Amino acid sequence: DAPDVGIWEWNVLSNKVWFSPKFISFLNTNKHEEDMTFDDWLSHIHPEDLARVKATLDAHLKGNGGYDVLYRGKNSNNDYMWYRTVGDTVFDQSGKPLLMSGTLTNVNQIKVLQTELEEKNQFLDAVLAQSNSAIFIVDIETNSLKFANQQVSSLWGYSNAELEAFLHEGRMTTLIHPQDLASLERYIESLRTSKPYEKITFESRVLHKQGHWLWSLFSNAVYSTDSRGNPSEILSSAVDVSKIKEREEHNRRLAKEFLDTFEQAAVGIAHLGLDGSWLKVNQKTCEILGYERETLLALNFQKITYPDDLSRDETLLKNLLDGEVKHYTIEKRYIRSDGSITWTRLTVSLVQHDDGTNNHLISVIEDINQQKSLEIDLLKSNEELEQFAYVASHDLKEPLRTMQTYTSYLIADLKANKTERIEQDKEFIDNASKRMTSLIDDLLRFSRVGNVEVRLVEANLGSLIQQVVDDLQTKITETRTTLEFDNELPDITTDPAQLRLVLQNLIQNAIKFCSKETTPFISITVEQKDLKYLLIHIKDNGIGIEPANQEQIFGLFKKLHSDVEYQGTGLGLAIVKKIMQSLSGDISLVSAPNQGSTFTLQIPHNKTGES
C-alpha cells in the first residue's frame with residue numbers, strides 16, 4: 001500500500017484475479033476486491049490500445065519475451081490516462097503458464113511530458129532543417145563542433161568533419177578575410193565578457209570552399225559556462241548577406257554620385273519642407289543666397305524672400321501643393337545675409353510619398369543677377385540711344401544750322417565785299433564749329449565710360465584729390481579759388497583714373513557756376529558711412545540749383561543756363577553719374593539757389609581683391 005503502484009495476480013488456469021486496492025482505484029469500476037475479474041481490467045483499456053496489449057500478453061504467455069506495456073486506460077473519472085503494467089509468469093515444466101503477477105503504475109504525467117518533449121524536438125528539428133540560418137554550437141574548451149545543421153555546409157561548402165579539422169588545428173582564422181581580422185578580435189573580446197544568451201552580432205567575409213569570399217552576418221551568444229563562469233560553449237547562427245552588401249555598396253555609390261552631383265551642380269539645389277524650411281542645400285545655393293549652410297538651414301524661404309516677390313511665390317506654391325500644377329518657375333529676389341538683393345530664376349517641384357501625400361519640395365535656383373544687370377544696362381542703353389537720337393536731331397543740328405547760315409552770309413558778304421561783316425561771319429562759324437567739336441568729344445567720352453574696363457587698385461584718396469588740384473592749378477589760380485581738403489585721407493580700392501575724372505568735373509563745375517561777384521570756395525570732406533562705403537562731400541559756394549531741377553541735371557545735355565551765361569555741352573554730370581555707377585557707387589546732390597551745392601559721392605570702401 002505504501003507506493004503509488006497497483007499490484008495484481010492472475011491465476012491463468014482458473015482465470016481468478018486479485019487486485020490490490022490501489023490497482024482497483026486506477027480502474028473505472030465500483031466493484032469490490034472480491035468481485036473483480038480479468039475482464040474488468042481489460043474493459044478499462046482504450047479500444048485503440050487493446051489489441052496491442054493482448055498481443056503482448058499472448059506473446060509473453062507463449063514464452064516470447066517479457067511483459068512490459070504502456071497503454072491508455074479509463075480511470076474512475078472516465079478520463080483516459082497513461083498506464084504501465086509490468087508482469088512475470090510462473091510456468092510448469094512443460095512451459096504452460098500457471099500464475100502471473102505484476103504491477104500497474106500511472107505514468108500519465110511522464111508520458112505527457114515525454115510527448116511534449118518529442119513534439120518540441122520534432123519542432124526544433126523542423127526549424128533547424130528549414131531555417132535559412134546556419135546554426136552551430138562550438139565547444140571552445142575542446143575546440144570541437146558540438147552541433148551543426150545542414151545549412152552550415154550549404155552556406156560555406158564545408159562538411160562538419162572539415163570544420164572540425166579547422167577547429168582542432170587552430171586554422172579557423174584562415175577562413176576570415178584579412179581585413180576583417182581586427183574586427184573579429186574585438187568581437188571575440190566582447191563575447192568573452194558578455195552574459196549568457198546575450199546576442200553579439202558581427203559581419204565578416206568568410207572563405208567559401210569554392211574559393212570566393214562570402215559576406216556573413218553572425219549572431220552569437222554564450223551557450224554554457226564552466227565552473228568559473230567563463231564561456232565554454234558558443235551558440236552561433238549565420239546568414240549570407242552578400243546581396244545585401246552588394247546593394248549597400250550600390251546604394252553607397254549612388255548616394256556618393258548624387259551627393260557629388262548635388263554639391264558640384266552649377267545651379268543651387270535645395271530640399272525644403274512643406275512649411276518652407278530649408279532641409280538640405282548644396283554649396284551653390286549658399287553662394288547664390290549669401291548664407292553659411294548652418295545659418296540657411298535655420299531659416300525658411302519666406303524669411304529671406306524680397307517682400308515684393310513673396311505673395312506671388314506663396315500663391316504658386318499653394319497651387320503646387322493643391323495639385324493644380326506639377327512645378328512652377330518664376331524670377332524672384334532674395335535678401336542676402338549682407339542685406340543686398342540678388343535676382344534668381346526659381347523652379348520648384350514636389351516630391352510625394354508612395355501613398356500620394358506630399359513629402360517635400362525640390363528647388364532649383366539659378367543666379368540671374370548678371371542677366372538682370374544686362375537687362376538694366378540694355379534698358380539704360382536704349383534710353384541713352386533715344387536721348388542720343390534726340391541730340392543728333394536737335395543739339396547737333398543747331399551748330400550745323402548756324403554754320404550753314406553764316407556760310408551763306410559769308411559768301412554773300414564776300415561777293416558784296418563787306419569786309420567788316422566777313423570777320424563776324426567767320427567768328428560765328430568758328431564758334432559753331434567749336435561747339436560741334438565739344439559736343440562730339442563729350443559724346444565720345446560719355447560712350448566710353450560704359451565700355452572702359454574698370455581696374456580696381458588700392459589708392460590714397462588724399463593723393464587722388466591732390467592730383468586733380470595740380471591738374472587744375474592754373475584755373476584755380478586765375479579764379480582765385482580756395483579749395484580745402486584734409487591730406488590725411490584713407491586708402492580706398494577704386495579705379496583712380498575714373499575717380500579723378502569725376503572729381504575734376506565736380507571741381508570745374510564748382511568754379512564755373514559761381515557768381516561773378518563771389519570768389520569760389522570749395523571744401524572736400526570724407527565721411528565713413530559704414531564698413532562698406534565712404535562718402536566724399538564736395539561743397540561749393542556757387543549759384544545753387546532749384547530743387548525741381550536737381551534730378552534732371554544728371555541727364556544727357558541737361559543745361560539750366562544759356563551758353564551766354566555759362567558755356568558747356570550739358571554732358572559733364574551725365575558722365576560723372578555714369579562713372580559712379582561703373583564704380584558700383586552713386587552721386588547725390590543737396591542744393592538751393594544762391595546757397596551753393598554739395599555733391600556727395602558714395603564709393604565702395606573695398607580692400608583690393610574683395611567684391
# chains A, B, ... in the order shown; residues from 1 in each chain; ligands from 1
>>> select_by_dssp(residues="range 161-364 of chain A", states="alpha helix (DSSP H)", output="PyMOL selection string")
chain A and resi 161-168+181-192+242-264+283-289+293-297+301-304+307-321
>>> residues_around(residues="Glu314 in chain A", least_positions_apart="2", cutoff="12 Å", atoms="only C-alpha atoms", output="list of chain:residue names")
A:Leu274, A:Asp275, A:Gly276, A:Phe301, A:Gln302, A:Thr305, A:Pro307, A:Asp308, A:Asp309, A:Leu310, A:Ser311, A:Arg312, A:Leu316, A:Leu317, A:Lys318, A:Asn319, A:Leu320, A:Leu321, A:Tyr328, A:Ile330, A:Lys332, A:Val348
>>> write_last_selection(atoms="N, CA and C atoms", output="JSON list (two decimals), in the first residue's frame")
[["chain", "number", "residue", "atom", "x", "y", "z"],
["A", 274, "LEU", "N", 7.48, 71.35, -46.40],
["A", 274, "LEU", "CA", 6.24, 71.93, -46.94],
["A", 274, "LEU", "C", 5.93, 73.27, -46.30],
["A", 275, "ASP", "N", 6.55, 73.56, -45.14],
["A", 275, "ASP", "CA", 6.36, 74.85, -44.49],
["A", 275, "ASP", "C", 7.35, 75.90, -44.97],
["A", 276, "GLY", "N", 8.23, 75.52, -45.90],
["A", 276, "GLY", "CA", 9.21, 76.48, -46.44],
["A", 276, "GLY", "C", 10.56, 76.43, -45.78],
["A", 301, "PHE", "N", 12.32, 79.94, -46.52],
["A", 301, "PHE", "CA", 12.48, 80.80, -47.70],
["A", 301, "PHE", "C", 11.70, 82.10, -47.55],
["A", 302, "GLN", "N", 10.60, 82.08, -46.76],
["A", 302, "GLN", "CA", 9.81, 83.29, -46.58],
["A", 302, "GLN", "C", 10.63, 84.39, -45.91],
["A", 305, "THR", "N", 13.02, 86.02, -48.62],
["A", 305, "THR", "CA", 12.45, 86.44, -49.91],
["A", 305, "THR", "C", 12.18, 87.94, -49.90],
["A", 307, "PRO", "N", 10.29, 91.16, -50.08],
["A", 307, "PRO", "CA", 8.85, 91.30, -49.77],
["A", 307, "PRO", "C", 7.95, 91.43, -51.00],
["A", 308, "ASP", "N", 8.39, 92.17, -52.01],
["A", 308, "ASP", "CA", 7.53, 92.38, -53.19],
["A", 308, "ASP", "C", 7.31, 91.09, -53.99],
["A", 309, "ASP", "N", 8.14, 90.05, -53.76],
["A", 309, "ASP", "CA", 8.03, 88.81, -54.53],
["A", 309, "ASP", "C", 7.39, 87.68, -53.73],
["A", 310, "LEU", "N", 7.14, 87.89, -52.44],
["A", 310, "LEU", "CA", 6.71, 86.80, -51.57],
["A", 310, "LEU", "C", 5.30, 86.32, -51.89],
["A", 311, "SER", "N", 4.37, 87.27, -52.08],
["A", 311, "SER", "CA", 2.97, 86.89, -52.30],
["A", 311, "SER", "C", 2.81, 86.02, -53.54],
["A", 312, "ARG", "N", 3.47, 86.39, -54.63],
["A", 312, "ARG", "CA", 3.36, 85.62, -55.88],
["A", 312, "ARG", "C", 3.95, 84.22, -55.69],
["A", 316, "LEU", "N", 1.84, 80.56, -55.99],
["A", 316, "LEU", "CA", 2.24, 79.46, -56.87],
["A", 316, "LEU", "C", 2.54, 78.20, -56.08],
["A", 317, "LEU", "N", 3.12, 78.34, -54.89],
["A", 317, "LEU", "CA", 3.40, 77.18, -54.04],
["A", 317, "LEU", "C", 2.11, 76.51, -53.60],
["A", 318, "LYS", "N", 1.10, 77.29, -53.26],
["A", 318, "LYS", "CA", -0.20, 76.72, -52.87],
["A", 318, "LYS", "C", -0.80, 75.93, -54.03],
["A", 319, "ASN", "N", -0.71, 76.46, -55.24],
["A", 319, "ASN", "CA", -1.22, 75.74, -56.42],
["A", 319, "ASN", "C", -0.48, 74.41, -56.60],
["A", 320, "LEU", "N", 0.81, 74.43, -56.33],
["A", 320, "LEU", "CA", 1.61, 73.20, -56.45],
["A", 320, "LEU", "C", 1.18, 72.17, -55.41],
["A", 321, "LEU", "N", 1.04, 72.61, -54.15],
["A", 321, "LEU", "CA", 0.65, 71.69, -53.08],
["A", 321, "LEU", "C", -0.76, 71.16, -53.26],
["A", 328, "TYR", "N", 6.55, 74.93, -60.97],
["A", 328, "TYR", "CA", 6.44, 76.32, -61.43],
["A", 328, "TYR", "C", 7.82, 76.96, -61.46],
["A", 330, "ILE", "N", 9.66, 80.93, -61.61],
["A", 330, "ILE", "CA", 9.49, 82.38, -61.51],
["A", 330, "ILE", "C", 10.85, 83.03, -61.36],
["A", 332, "LYS", "N", 12.62, 85.70, -59.06],
["A", 332, "LYS", "CA", 12.35, 86.32, -57.76],
["A", 332, "LYS", "C", 13.66, 86.80, -57.14],
["A", 348, "VAL", "N", 10.42, 75.15, -58.85],
["A", 348, "VAL", "CA", 10.02, 74.36, -57.68],
["A", 348, "VAL", "C", 9.16, 73.18, -58.14]]
>>> closest_residue(among="A:Met436, A:Leu374, A:Ile422, A:Val222", to="Glu198 in chain A", atoms="only C-alpha atoms")
A:Val222
>>> closest_residue(among="A:Lys418, A:Lys539, A:His360, A:Lys577", to="Ile522 in chain A", atoms="only C-alpha atoms")
A:Lys539
>>> atom_distance(atom1="CA of Asp40 in chain A", atom2="CA of Val90 in chain A")
22.5 Å
>>> residues_around(residues="Gly102 in chain A", least_positions_apart="5", cutoff="7 Å", atoms="only C-alpha atoms", output="ChimeraX atom specification")
/A:7-9,86-88
>>> residues_around(residues="range 232-238 of chain A", least_positions_apart="6", cutoff="8 Å", atoms="only C-alpha atoms", output="MDAnalysis selection string")
chainID A and resid 133:141 216:226
>>> select_by_dssp(residues="range 12-49 of chain A", states="strand (DSSP E)", output="PyMOL selection string")
chain A and resi 16-19
>>> atom_distance(atom1="CA of Asp92 in chain A", atom2="CA of Val17 in chain A")
19.0 Å
>>> atom_distance(atom1="CA of Met81 in chain A", atom2="CA of Ala126 in chain A")
29.0 Å
>>> closest_residue(among="A:Leu464, A:Ile24, A:Ile587, A:Ile507", to="Pro490 in chain A", atoms="only C-alpha atoms")
A:Leu464
>>> closest_residue(among="A:Tyr67, A:Trp215, A:Arg84, A:Leu299", to="Phe23 in chain A", atoms="only C-alpha atoms")
A:Arg84
>>> residues_around(residues="Asp530 in chain A", least_positions_apart="2", cutoff="12 Å", atoms="only C-alpha atoms", output="PyMOL selection string")
chain A and resi 527-528+532-535+602-606
>>> closest_residue(among="A:Phe19, A:Phe485, A:Tyr306, A:Tyr406", to="Gln466 in chain A", atoms="only C-alpha atoms")
A:Phe485
